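Novice: Here you go, work_0.pdb (PDB, C-alpha atoms):
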```pdb
ATOM      1  CA  MET A 205     109.176 -54.459 129.114  1.00  0.00           C
ATOM      2  CA  LEU A 206     107.715 -54.725 125.619  1.00  0.00           C
ATOM      3  CA  TRP A 207     108.943 -52.705 122.687  1.00  0.00           C
ATOM      4  CA  GLN A 208     106.333 -51.215 120.392  1.00  0.00           C
ATOM      5  CA  LYS A 209     107.003 -49.634 117.022  1.00  0.00           C
ATOM      6  CA  GLY A 210     108.001 -46.025 117.502  1.00  0.00           C
ATOM      7  CA  GLU A 211     109.584 -46.484 120.951  1.00  0.00           C
ATOM      8  CA  SER A 212     113.270 -46.537 121.933  1.00  0.00           C
ATOM      9  CA  ALA A 213     115.841 -48.113 119.625  1.00  0.00           C
ATOM     10  CA  VAL A 214     117.031 -51.717 119.617  1.00  0.00           C
ATOM     11  CA  THR A 215     120.477 -52.643 118.299  1.00  0.00           C
ATOM     12  CA  ILE A 216     120.914 -55.096 115.447  1.00  0.00           C
ATOM     13  CA  ARG A 217     122.765 -57.496 117.745  1.00  0.00           C
ATOM     14  CA  GLU A 218     119.891 -57.427 120.280  1.00  0.00           C
ATOM     15  CA  LEU A 219     117.367 -57.957 117.493  1.00  0.00           C
ATOM     16  CA  CYS A 220     119.223 -60.991 116.100  1.00  0.00           C
ATOM     17  CA  GLU A 221     119.553 -62.610 119.558  1.00  0.00           C
ATOM     18  CA  LYS A 222     115.780 -62.781 120.103  1.00  0.00           C
ATOM     19  CA  GLU A 223     113.633 -65.798 119.213  1.00  0.00           C
ATOM     20  CA  VAL A 224     111.029 -65.134 116.502  1.00  0.00           C
ATOM     21  CA  VAL A 225     107.630 -66.572 117.512  1.00  0.00           C
ATOM     22  CA  GLN A 226     104.560 -66.853 115.288  1.00  0.00           C
ATOM     23  CA  LEU A 227     101.556 -65.622 117.289  1.00  0.00           C
ATOM     24  CA  GLU A 228      98.646 -67.658 115.913  1.00  0.00           C
ATOM     25  CA  GLN A 229     100.184 -71.105 116.540  1.00  0.00           C
ATOM     26  CA  GLY A 230     102.934 -70.200 119.025  1.00  0.00           C
ATOM     27  CA  VAL A 231     105.604 -71.751 116.804  1.00  0.00           C
ATOM     28  CA  CYS A 232     109.221 -70.719 117.341  1.00  0.00           C
ATOM     29  CA  LEU A 233     110.597 -69.887 113.888  1.00  0.00           C
ATOM     30  CA  GLY A 234     114.208 -69.384 115.006  1.00  0.00           C
ATOM     31  CA  ARG A 235     116.310 -66.237 115.228  1.00  0.00           C
ATOM     32  CA  ALA A 236     116.790 -63.437 112.752  1.00  0.00           C
ATOM     33  CA  ASP A 237     119.969 -64.045 110.758  1.00  0.00           C
ATOM     34  CA  ASP A 238     119.846 -60.958 108.583  1.00  0.00           C
ATOM     35  CA  LEU A 239     117.972 -57.687 108.125  1.00  0.00           C
ATOM     36  CA  GLU A 240     116.776 -55.952 105.002  1.00  0.00           C
ATOM     37  CA  LEU A 241     117.066 -52.158 105.060  1.00  0.00           C
ATOM     38  CA  ASP A 242     115.645 -49.558 102.687  1.00  0.00           C
ATOM     39  CA  PRO A 243     118.733 -47.796 101.257  1.00  0.00           C
ATOM     40  CA  ALA A 244     116.883 -44.504 100.759  1.00  0.00           C
ATOM     41  CA  THR A 245     115.482 -44.172 104.301  1.00  0.00           C
ATOM     42  CA  ALA A 246     117.636 -46.663 106.282  1.00  0.00           C
ATOM     43  CA  GLN A 247     114.435 -48.111 107.743  1.00  0.00           C
ATOM     44  CA  LEU A 248     114.079 -51.795 108.517  1.00  0.00           C
ATOM     45  CA  GLN A 249     112.066 -53.524 105.776  1.00  0.00           C
ATOM     46  CA  SER A 250     112.157 -57.150 106.917  1.00  0.00           C
ATOM     47  CA  LEU A 251     113.795 -59.812 109.055  1.00  0.00           C
ATOM     48  CA  ILE A 252     115.391 -62.774 107.287  1.00  0.00           C
ATOM     49  CA  LEU A 253     115.616 -66.201 108.912  1.00  0.00           C
ATOM     50  CA  LEU A 254     117.948 -68.527 107.018  1.00  0.00           C
ATOM     51  CA  GLY A 255     116.741 -72.032 106.232  1.00  0.00           C
ATOM     52  CA  ARG A 256     118.188 -75.090 107.945  1.00  0.00           C
ATOM     53  CA  PRO A 257     121.469 -76.366 106.496  1.00  0.00           C
ATOM     54  CA  ARG A 258     121.273 -79.636 104.575  1.00  0.00           C
ATOM     55  CA  LEU A 259     123.988 -82.208 105.252  1.00  0.00           C
ATOM     56  CA  LEU A 260     126.058 -79.846 107.402  1.00  0.00           C
ATOM     57  CA  GLY A 261     125.645 -77.105 104.812  1.00  0.00           C
ATOM     58  CA  LEU A 262     127.353 -79.083 102.037  1.00  0.00           C
ATOM     59  CA  LEU A 263     124.089 -79.327 100.096  1.00  0.00           C
ATOM     60  CA  GLY A 264     123.047 -75.749 100.753  1.00  0.00           C
ATOM     61  CA  ARG A 265     120.114 -74.642 102.881  1.00  0.00           C
ATOM     62  CA  ASP A 266     116.360 -74.898 102.932  1.00  0.00           C
ATOM     63  CA  GLU A 267     114.501 -71.816 101.750  1.00  0.00           C
ATOM     64  CA  SER A 268     114.917 -68.669 103.880  1.00  0.00           C
ATOM     65  CA  LEU A 269     111.930 -67.037 105.548  1.00  0.00           C
ATOM     66  CA  THR A 270     111.466 -63.289 105.037  1.00  0.00           C
ATOM     67  CA  ILE A 271     109.212 -61.516 107.536  1.00  0.00           C
ATOM     68  CA  PRO A 272     108.075 -58.040 106.415  1.00  0.00           C
ATOM     69  CA  TRP A 273     108.168 -55.256 109.021  1.00  0.00           C
ATOM     70  CA  GLN A 274     104.373 -54.899 108.782  1.00  0.00           C
ATOM     71  CA  GLU A 275     103.939 -58.459 110.142  1.00  0.00           C
ATOM     72  CA  ILE A 276     105.986 -57.780 113.302  1.00  0.00           C
ATOM     73  CA  GLU A 277     103.598 -57.272 116.216  1.00  0.00           C
ATOM     74  CA  THR A 278     105.900 -56.718 119.192  1.00  0.00           C
ATOM     75  CA  ILE A 279     109.580 -56.868 120.047  1.00  0.00           C
ATOM     76  CA  GLY A 280     109.887 -58.026 123.652  1.00  0.00           C
ATOM     77  CA  THR A 281     112.880 -58.548 125.900  1.00  0.00           C
ATOM     78  CA  ASP A 282     113.281 -62.205 124.842  1.00  0.00           C
ATOM     79  CA  ALA A 283     111.232 -62.659 121.675  1.00  0.00           C
ATOM     80  CA  ILE A 284     109.866 -61.045 118.526  1.00  0.00           C
ATOM     81  CA  LEU A 285     106.164 -61.807 117.970  1.00  0.00           C
ATOM     82  CA  VAL A 286     105.056 -61.972 114.335  1.00  0.00           C
ATOM     83  CA  HIS A 287     101.862 -62.597 112.324  1.00  0.00           C
ATOM     84  CA  THR A 288     103.580 -64.319 109.404  1.00  0.00           C
ATOM     85  CA  ALA A 289     102.464 -67.680 108.008  1.00  0.00           C
ATOM     86  CA  VAL A 290     104.317 -70.743 109.261  1.00  0.00           C
ATOM     87  CA  PRO A 291     106.377 -72.248 106.433  1.00  0.00           C
ATOM     88  CA  LYS A 292     105.538 -75.790 105.426  1.00  0.00           C
ATOM     89  CA  ALA A 293     108.133 -78.433 106.245  1.00  0.00           C
ATOM     90  CA  PRO A 294     110.081 -79.511 103.175  1.00  0.00           C
ATOM     91  CA  THR A 295     109.114 -82.926 101.919  1.00  0.00           C
ATOM     92  CA  ALA A 296     111.870 -85.496 102.032  1.00  0.00           C
ATOM     93  CA  PRO A 297     112.878 -86.878  98.668  1.00  0.00           C
ATOM     94  CA  HIS A 298     112.121 -90.551  98.141  1.00  0.00           C
ATOM     95  CA  GLY A 299     115.472 -91.530  96.689  1.00  0.00           C
ATOM     96  CA  PHE A 300     117.672 -94.544  97.005  1.00  0.00           C
ATOM     97  CA  TRP A 301     119.114 -93.683 100.433  1.00  0.00           C
ATOM     98  CA  GLN A 302     115.724 -92.985 101.998  1.00  0.00           C
ATOM     99  CA  GLN A 303     114.355 -96.294 100.696  1.00  0.00           C
ATOM    100  CA  LEU A 304     117.413 -98.160 101.985  1.00  0.00           C
ATOM    101  CA  ARG A 305     117.060 -96.559 105.426  1.00  0.00           C
ATOM    102  CA  ALA A 306     113.365 -97.521 105.537  1.00  0.00           C
ATOM    103  CA  LYS A 307     114.168-101.142 104.627  1.00  0.00           C
ATOM    104  CA  LEU A 308     116.886-101.342 107.277  1.00  0.00           C
ATOM    105  CA  GLY A 309     114.639 -99.713 109.886  1.00  0.00           C
ATOM    106  CA  LEU A 310     116.955 -96.749 110.494  1.00  0.00           C
TER     107      LEU A 310
END
```
What is this file in structure tokens?
Specialist:
Amino acid sequence: MLWQKGESAVTIRELCEKEVVQLEQGVCLGRADDLELDPATAQLQSLILLGRPRLLGLLGRDESLTIPWQEIETIGTDAILVHTAVPKAPTAPHGFWQQLRAKLGL
């Protein structure tokens, strides 16, 4: 069963348990970690996918991905299909530790 905008309600927990998949390339973007609601109308404005933690979260996270409601195509039983652009992978810094790892072949 596919959920289209305007049909029966989905709970926040159900929404956050579904994988978010980008339609054009079929890339799995992860799961929704947070929602943005309009305080005046209580309507869903966007899904927020938190960035990957760096060094177990001690160095913060990569940039979060915000998917506006207009870019959500379908909410299915297992996945949320979106038309958002795939974020570019962060470039690794070329610092001392990266150079040492490269020299040691790690």
Novice: For Gln249 in chain A, find every residue with an atom within 6 Å (counting all atoms listed in the file), except residues of its own chain fewer than 2 positions away, and show them as a ChimeraX atom specification.
Specialist: /A:240-241,273
Novice: With all atoms listed in the file as the counted atoms, please give the residues lying no more than 8 Å from Leu239 in chain A, apart from itself and same-chain residues fewer than 3 positions off, as a list in words.
Specialist: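 Listed by chain and then number, they are Ala236, Leu248, Gln249, Ser250, Leu251 and Ile252 of chain A.
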Novice: Only C-alpha atoms, please: the residues just picked out, written as a compact mmCIF listing (two decimals), in the coordinates of the input.
Specialist:
```txt
# COMPACT_ATOMS: atom_id res chain seq x y z
CA ALA A 236 116.79 -63.44 112.75
CA LEU A 248 114.08 -51.80 108.52
CA GLN A 249 112.07 -53.52 105.78
CA SER A 250 112.16 -57.15 106.92
CA LEU A 251 113.80 -59.81 109.06
CA ILE A 252 115.39 -62.77 107.29
```
Novice: So, with all atoms listed in the file as the atoms that count, which of A:Leu259, A:Pro243, A:Ile276, A:Gln303 lies closest to Leu227 in chain A?
Specialist: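 Ranking A:Leu259, A:Pro243, A:Ile276, A:Gln303 by distance to Leu227 in chain A, first place goes to A:Ile276.
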Novice: Which one is closest to Ala213 in chain A: A:Leu253, A:Leu310, A:Ile279, A:Ala244? Count all atoms listed in the file.
Specialist: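 The answer is A:Ile279, which sits nearest to Ala213 in chain A.
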Novice: I need the residue nearest Gly234 in chain A from this list: A:Gln274, A:Gln302, A:Thr281, A:Ser268. Use only C-alpha atoms for the distance.
Specialist: A:Ser268
Novice: Nearest to Leu233 in chain A among A:Gly264, A:Gly255, A:Gly299, A:Val214, with distances taken over all atoms listed in the file: which residue is it?
Specialist: A:Gly255
Novice: What does the structure give for the distance between CA of Asp282 in chain A and CA of Lys222 in chain A, in Å to one decimal?
Specialist: 5.4 Å
Novice: What is the CA of Arg305 in chain A to CA of Arg258 in chain A distance in Å?
Specialist: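 So the answer is 17.5 Å.
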Novice: For a test of reading the model, state the distance in Å between CA of Glu223 in chain A and CA of Ala246 in chain A, rounded to one decimal.
Specialist: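 According to the coordinates, CA of Glu223 in chain A and CA of Ala246 in chain A are separated by 23.4 Å.
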Novice: Restricting the calculation to all atoms listed in the file, which member of A:Val224, A:Leu308, A:Val286, A:Val231 is positioned closest to Pro272 in chain A?
Specialist: A:Val286
Novice: Of the residues A:Ile271, A:Ile216, A:Ala306, A:Ala289, which is the one nearest to Glu228 in chain A, using all atoms listed in the file?
Specialist: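 Among A:Ile271, A:Ile216, A:Ala306, A:Ala289, it is A:Ala289 that comes nearest to Glu228 in chain A.
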Novice: The PyMOL selection byres ((chain A and resi 291) around 10) - which residues does that actually catch in the file I just gave you? List them as a list in words.
Specialist: Leu233, Glu267, Ser268, Leu269, Thr288, Ala289, Val290, Lys292, Ala293 and Pro294 of chain A
Novice: Please write the residues from the selection above to a file, keeping C-alpha atoms, as an mmCIF file, in the frame of the given file.
Specialist:
```cif
data_model
loop_
_atom_site.group_PDB
_atom_site.id
_atom_site.type_symbol
_atom_site.label_atom_id
_atom_site.label_comp_id
_atom_site.auth_asym_id
_atom_site.auth_seq_id
_atom_site.Cartn_x
_atom_site.Cartn_y
_atom_site.Cartn_z
ATOM 1 C CA LEU A 233 110.597 -69.887 113.888
ATOM 2 C CA GLU A 267 114.501 -71.816 101.750
ATOM 3 C CA SER A 268 114.917 -68.669 103.880
ATOM 4 C CA LEU A 269 111.930 -67.037 105.548
ATOM 5 C CA THR A 288 103.580 -64.319 109.404
ATOM 6 C CA ALA A 289 102.464 -67.680 108.008
ATOM 7 C CA VAL A 290 104.317 -70.743 109.261
ATOM 8 C CA LYS A 292 105.538 -75.790 105.426
ATOM 9 C CA ALA A 293 108.133 -78.433 106.245
ATOM 10 C CA PRO A 294 110.081 -79.511 103.175
#
```
